[in-house]
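Next up, input.pdb (PDB, C-alpha atoms, pLDDT in the B column):
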```pdb
ATOM      1  CA  MET S  17      -7.230 -71.249   5.278  1.00 88.00           C
ATOM      2  CA  HIS S  18      -7.463 -71.514   1.506  1.00 95.00           C
ATOM      3  CA  ALA S  19      -5.511 -73.623  -0.966  1.00 97.00           C
ATOM      4  CA  VAL S  20      -5.034 -73.041  -4.687  1.00 98.00           C
ATOM      5  CA  LYS S  21      -5.817 -76.079  -6.832  1.00 97.00           C
ATOM      6  CA  LYS S  22      -5.584 -74.649 -10.366  1.00 97.00           C
ATOM      7  CA  VAL S  23      -4.421 -71.484 -12.115  1.00 97.00           C
ATOM      8  CA  GLU S  24      -5.194 -70.341 -15.653  1.00 96.00           C
ATOM      9  CA  TYR S  25      -3.934 -67.228 -17.388  1.00 96.00           C
ATOM     10  CA  LEU S  26      -6.701 -64.975 -18.708  1.00 95.00           C
ATOM     11  CA  LYS S  27      -5.186 -61.746 -20.054  1.00 95.00           C
ATOM     12  CA  ASP S  28      -3.053 -58.813 -18.969  1.00 95.00           C
ATOM     13  CA  TYR S  29      -2.316 -59.489 -15.283  1.00 97.00           C
ATOM     14  CA  LYS S  30      -5.453 -61.520 -14.657  1.00 97.00           C
ATOM     15  CA  LEU S  31      -5.604 -65.141 -13.595  1.00 97.00           C
ATOM     16  CA  CYS S  32      -8.487 -67.520 -13.009  1.00 96.00           C
ATOM     17  CA  ILE S  33      -7.731 -69.336  -9.765  1.00 97.00           C
ATOM     18  CA  THR S  34      -9.614 -72.364  -8.504  1.00 96.00           C
ATOM     19  CA  PHE S  35      -9.546 -72.930  -4.749  1.00 97.00           C
ATOM     20  CA  GLU S  36     -10.128 -75.964  -2.554  1.00 96.00           C
ATOM     21  CA  ASP S  37     -13.773 -74.973  -2.027  1.00 95.00           C
ATOM     22  CA  ARG S  38     -14.231 -75.219  -5.833  1.00 93.00           C
ATOM     23  CA  SER S  39     -14.724 -71.477  -6.143  1.00 94.00           C
ATOM     24  CA  CYS S  40     -13.203 -69.948  -9.237  1.00 95.00           C
ATOM     25  CA  LYS S  41     -12.020 -66.365  -8.856  1.00 96.00           C
ATOM     26  CA  GLU S  42     -10.666 -63.826 -11.302  1.00 96.00           C
ATOM     27  CA  VAL S  43      -7.617 -62.262  -9.702  1.00 97.00           C
ATOM     28  CA  ASP S  44      -6.134 -59.084 -11.170  1.00 97.00           C
ATOM     29  CA  LEU S  45      -2.578 -58.657  -9.878  1.00 98.00           C
ATOM     30  CA  GLN S  46      -1.624 -55.560 -11.865  1.00 97.00           C
ATOM     31  CA  ASN S  47      -1.560 -53.314  -8.785  1.00 97.00           C
ATOM     32  CA  TYR S  48       0.212 -55.864  -6.573  1.00 97.00           C
ATOM     33  CA  LEU S  49       3.485 -56.448  -8.409  1.00 96.00           C
ATOM     34  CA  ASP S  50       5.655 -54.265  -6.188  1.00 95.00           C
ATOM     35  CA  GLY S  51       9.098 -55.224  -4.980  1.00 95.00           C
ATOM     36  CA  GLU S  52      12.179 -56.782  -6.488  1.00 96.00           C
ATOM     37  CA  VAL S  53      10.882 -60.375  -6.603  1.00 97.00           C
ATOM     38  CA  PHE S  54       7.782 -59.262  -8.547  1.00 97.00           C
ATOM     39  CA  GLN S  55       9.669 -57.126 -11.102  1.00 97.00           C
ATOM     40  CA  PRO S  56      10.008 -59.981 -13.663  1.00 97.00           C
ATOM     41  CA  LEU S  57       6.238 -60.545 -13.473  1.00 97.00           C
ATOM     42  CA  LYS S  58       5.648 -57.154 -15.089  1.00 96.00           C
ATOM     43  CA  ASN S  59       6.693 -58.856 -18.324  1.00 97.00           C
ATOM     44  CA  PRO S  60       3.393 -60.383 -19.544  1.00 95.00           C
ATOM     45  CA  ASP S  61       5.157 -63.370 -21.109  1.00 97.00           C
ATOM     46  CA  TYR S  62       6.732 -64.238 -17.760  1.00 98.00           C
ATOM     47  CA  PHE S  63       3.539 -63.497 -15.812  1.00 98.00           C
ATOM     48  CA  LYS S  64       1.766 -66.152 -17.911  1.00 97.00           C
ATOM     49  CA  THR S  65       4.049 -68.850 -16.466  1.00 98.00           C
ATOM     50  CA  ALA S  66       2.271 -68.912 -13.084  1.00 98.00           C
ATOM     51  CA  LYS S  67       1.964 -72.428 -11.656  1.00 98.00           C
ATOM     52  CA  VAL S  68       0.480 -74.062  -8.579  1.00 98.00           C
ATOM     53  CA  HIS S  69       3.094 -74.960  -5.986  1.00 97.00           C
ATOM     54  CA  PRO S  70       2.273 -78.533  -4.887  1.00 93.00           C
ATOM     55  CA  GLU S  71       3.452 -78.076  -1.301  1.00 95.00           C
ATOM     56  CA  LEU S  72       2.516 -74.447  -0.608  1.00 95.00           C
ATOM     57  CA  GLU S  73      -0.815 -74.750  -2.474  1.00 97.00           C
ATOM     58  CA  THR S  74      -0.573 -71.281  -3.938  1.00 97.00           C
ATOM     59  CA  ILE S  75       0.607 -69.740  -7.194  1.00 98.00           C
ATOM     60  CA  TYR S  76       4.296 -69.173  -7.829  1.00 98.00           C
ATOM     61  CA  TRP S  77       6.797 -68.343 -10.527  1.00 98.00           C
ATOM     62  CA  GLU S  78      10.211 -69.893 -11.166  1.00 97.00           C
ATOM     63  CA  ASN S  79      12.004 -66.806  -9.813  1.00 97.00           C
ATOM     64  CA  GLY S  80      10.583 -67.562  -6.340  1.00 96.00           C
ATOM     65  CA  ALA S  81       7.715 -65.055  -6.370  1.00 97.00           C
ATOM     66  CA  ASP S  82       4.534 -66.284  -4.742  1.00 97.00           C
ATOM     67  CA  LEU S  83       1.419 -64.878  -3.087  1.00 97.00           C
ATOM     68  CA  ALA S  84      -0.537 -66.128  -0.093  1.00 97.00           C
ATOM     69  CA  PRO S  85      -3.650 -68.068  -1.090  1.00 97.00           C
ATOM     70  CA  GLU S  86      -5.720 -66.144   1.481  1.00 97.00           C
ATOM     71  CA  PHE S  87      -4.707 -62.868  -0.192  1.00 98.00           C
ATOM     72  CA  LEU S  88      -5.625 -64.204  -3.640  1.00 98.00           C
ATOM     73  CA  TYR S  89      -9.000 -65.411  -2.355  1.00 97.00           C
ATOM     74  CA  GLU S  90      -9.699 -62.052  -0.713  1.00 97.00           C
ATOM     75  CA  ILE S  91      -8.925 -59.887  -3.755  1.00 97.00           C
ATOM     76  CA  GLY S  92     -10.460 -62.310  -6.251  1.00 96.00           C
ATOM     77  CA  LYS S  93     -13.851 -61.738  -7.816  1.00 95.00           C
ATOM     78  CA  ASN S  94     -16.183 -64.650  -8.445  1.00 92.00           C
ATOM     79  CA  PHE S  95     -15.476 -65.794 -11.969  1.00 78.00           C
ATOM     80  CA  ASP S  96     -18.132 -66.114 -14.629  1.00 69.00           C
ATOM     81  CA  GLU S  97     -17.299 -69.156 -16.763  1.00 59.00           C
ATOM     82  CA  GLY S  98     -19.230 -67.576 -19.645  1.00 50.00           C
ATOM     83  CA  LYS S  99     -16.853 -64.629 -19.525  1.00 58.00           C
ATOM     84  CA  LYS S 100     -13.934 -66.959 -20.226  1.00 55.00           C
ATOM     85  CA  LEU S 101     -15.681 -68.151 -23.382  1.00 47.00           C
ATOM     86  CA  ARG S 102     -16.580 -64.619 -24.509  1.00 50.00           C
ATOM     87  CA  GLU S 103     -12.952 -63.532 -24.117  1.00 55.00           C
ATOM     88  CA  GLY S 104     -11.751 -66.293 -26.394  1.00 51.00           C
ATOM     89  CA  GLY S 105     -10.888 -68.919 -23.813  1.00 52.00           C
ATOM     90  CA  VAL S 106      -7.792 -69.388 -21.713  1.00 48.00           C
ATOM     91  CA  ARG S 107      -4.395 -68.866 -23.266  1.00 40.00           C
TER      92      ARG S 107
END
```

Would you mind giving the structure from this file in structure tokens?
Amino acid sequence: MHAVKKVEYLKDYKLCITFEDRSCKEVDLQNYLDGEVFQPLKNPDYFKTAKVHPELETIYWENGADLAPEFLYEIGKNFDEGKKLREGGVR
């Protein structure tokens, strides 16, 4: 079982998520925002507000949308810290 420890917005619908095993993964959620609860997340300004839920240990948004940490870990790609710097840092 995985737990999210940190989330940073990158760009578009991409997040950098740090897990309990210290792995950092780039997660692109653009193709996973289906359903009524995820509709507000299609607004990039709202998508950027992702936070780590302290009890569920996953990402969530104030409207109640969240995603299982195991799913995020599975679809995530190992993140290159240098890439973050080349893209202008985290916003």

Run through the PyMOL selection byres ((chain S and resi 43) around 10) on the given coordinates and return the selected residues as a list of chain:residue names.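 Here the PyMOL selection byres ((chain S and resi 43) around 10) matches S:Tyr25, S:Leu26, S:Tyr29, S:Lys30, S:Leu31, S:Cys32, S:Ile33, S:Cys40, S:Lys41, S:Glu42, S:Asp44, S:Leu45, S:Gln46, S:Phe87, S:Leu88, S:Tyr89, S:Glu90, S:Ile91, S:Gly92, S:Lys93, S:Asn94, S:Phe95.
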
Could you turn the residues from that selection into a file that holds C-alpha atoms, as a short mmCIF file (atom, residue, chain, number, x, y, z; two decimals), in the coordinates of the input?
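Wrote again.cif, looks like this:
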```
data_model
loop_
_atom_site.label_atom_id
_atom_site.label_comp_id
_atom_site.auth_asym_id
_atom_site.auth_seq_id
_atom_site.Cartn_x
_atom_site.Cartn_y
_atom_site.Cartn_z
CA TYR S 25 -3.93 -67.23 -17.39
CA LEU S 26 -6.70 -64.97 -18.71
CA TYR S 29 -2.32 -59.49 -15.28
CA LYS S 30 -5.45 -61.52 -14.66
CA LEU S 31 -5.60 -65.14 -13.60
CA CYS S 32 -8.49 -67.52 -13.01
CA ILE S 33 -7.73 -69.34 -9.76
CA CYS S 40 -13.20 -69.95 -9.24
CA LYS S 41 -12.02 -66.36 -8.86
CA GLU S 42 -10.67 -63.83 -11.30
CA ASP S 44 -6.13 -59.08 -11.17
CA LEU S 45 -2.58 -58.66 -9.88
CA GLN S 46 -1.62 -55.56 -11.86
CA PHE S 87 -4.71 -62.87 -0.19
CA LEU S 88 -5.62 -64.20 -3.64
CA TYR S 89 -9.00 -65.41 -2.36
CA GLU S 90 -9.70 -62.05 -0.71
CA ILE S 91 -8.93 -59.89 -3.76
CA GLY S 92 -10.46 -62.31 -6.25
CA LYS S 93 -13.85 -61.74 -7.82
CA ASN S 94 -16.18 -64.65 -8.44
CA PHE S 95 -15.48 -65.79 -11.97
#
```

Best match for closeness to Asp50 (chain S) among S:Lys27, S:Ala81, S:Phe35, S:Lys21, counting only C-alpha atoms: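 Smallest separation from Asp50 (chain S) among the options: S:Ala81.
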
Counting only C-alpha atoms, the residue of S:Val23, S:Glu36, S:Met17, S:Tyr48 that sits nearest His69 (chain S):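 Using only C-alpha atoms, the shortest distance to His69 (chain S) belongs to S:Val23.
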
Is there a way to get, as a PyMOL selection string, all residues within 9 Å of the point (3.9, -68.8, -12.2) in file coordinates, counting only C-alpha atoms? chain S and resi 23+57+62-69+75-82

Could you write out the selected residues, including C-alpha atoms, as a tab-separated table (two decimals), keeping the file's coordinate frame?
```tsv
chain	number	residue	atom	x	y	z
S	23	VAL	CA	-4.42	-71.48	-12.12
S	57	LEU	CA	6.24	-60.54	-13.47
S	62	TYR	CA	6.73	-64.24	-17.76
S	63	PHE	CA	3.54	-63.50	-15.81
S	64	LYS	CA	1.77	-66.15	-17.91
S	65	THR	CA	4.05	-68.85	-16.47
S	66	ALA	CA	2.27	-68.91	-13.08
S	67	LYS	CA	1.96	-72.43	-11.66
S	68	VAL	CA	0.48	-74.06	-8.58
S	69	HIS	CA	3.09	-74.96	-5.99
S	75	ILE	CA	0.61	-69.74	-7.19
S	76	TYR	CA	4.30	-69.17	-7.83
S	77	TRP	CA	6.80	-68.34	-10.53
S	78	GLU	CA	10.21	-69.89	-11.17
S	79	ASN	CA	12.00	-66.81	-9.81
S	80	GLY	CA	10.58	-67.56	-6.34
S	81	ALA	CA	7.72	-65.06	-6.37
S	82	ASP	CA	4.53	-66.28	-4.74
```

Å distance separating CA of Asn59 (chain S) from CA of His18 (chain S), one decimal place: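 We find that CA of Asn59 (chain S) and CA of His18 (chain S) lie 27.5 Å from each other.
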
To one decimal in Å, tell me the separation between CA of Asp28 (chain S) and CA of Pro70 (chain S). 24.8 Å

Report, in Å to a single decimal, how far apart CA of Ala19 (chain S) and CA of Asp61 (chain S) are.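 Value for the CA of Asp61 (chain S)-CA of Ala19 (chain S) distance: 25.0 Å.
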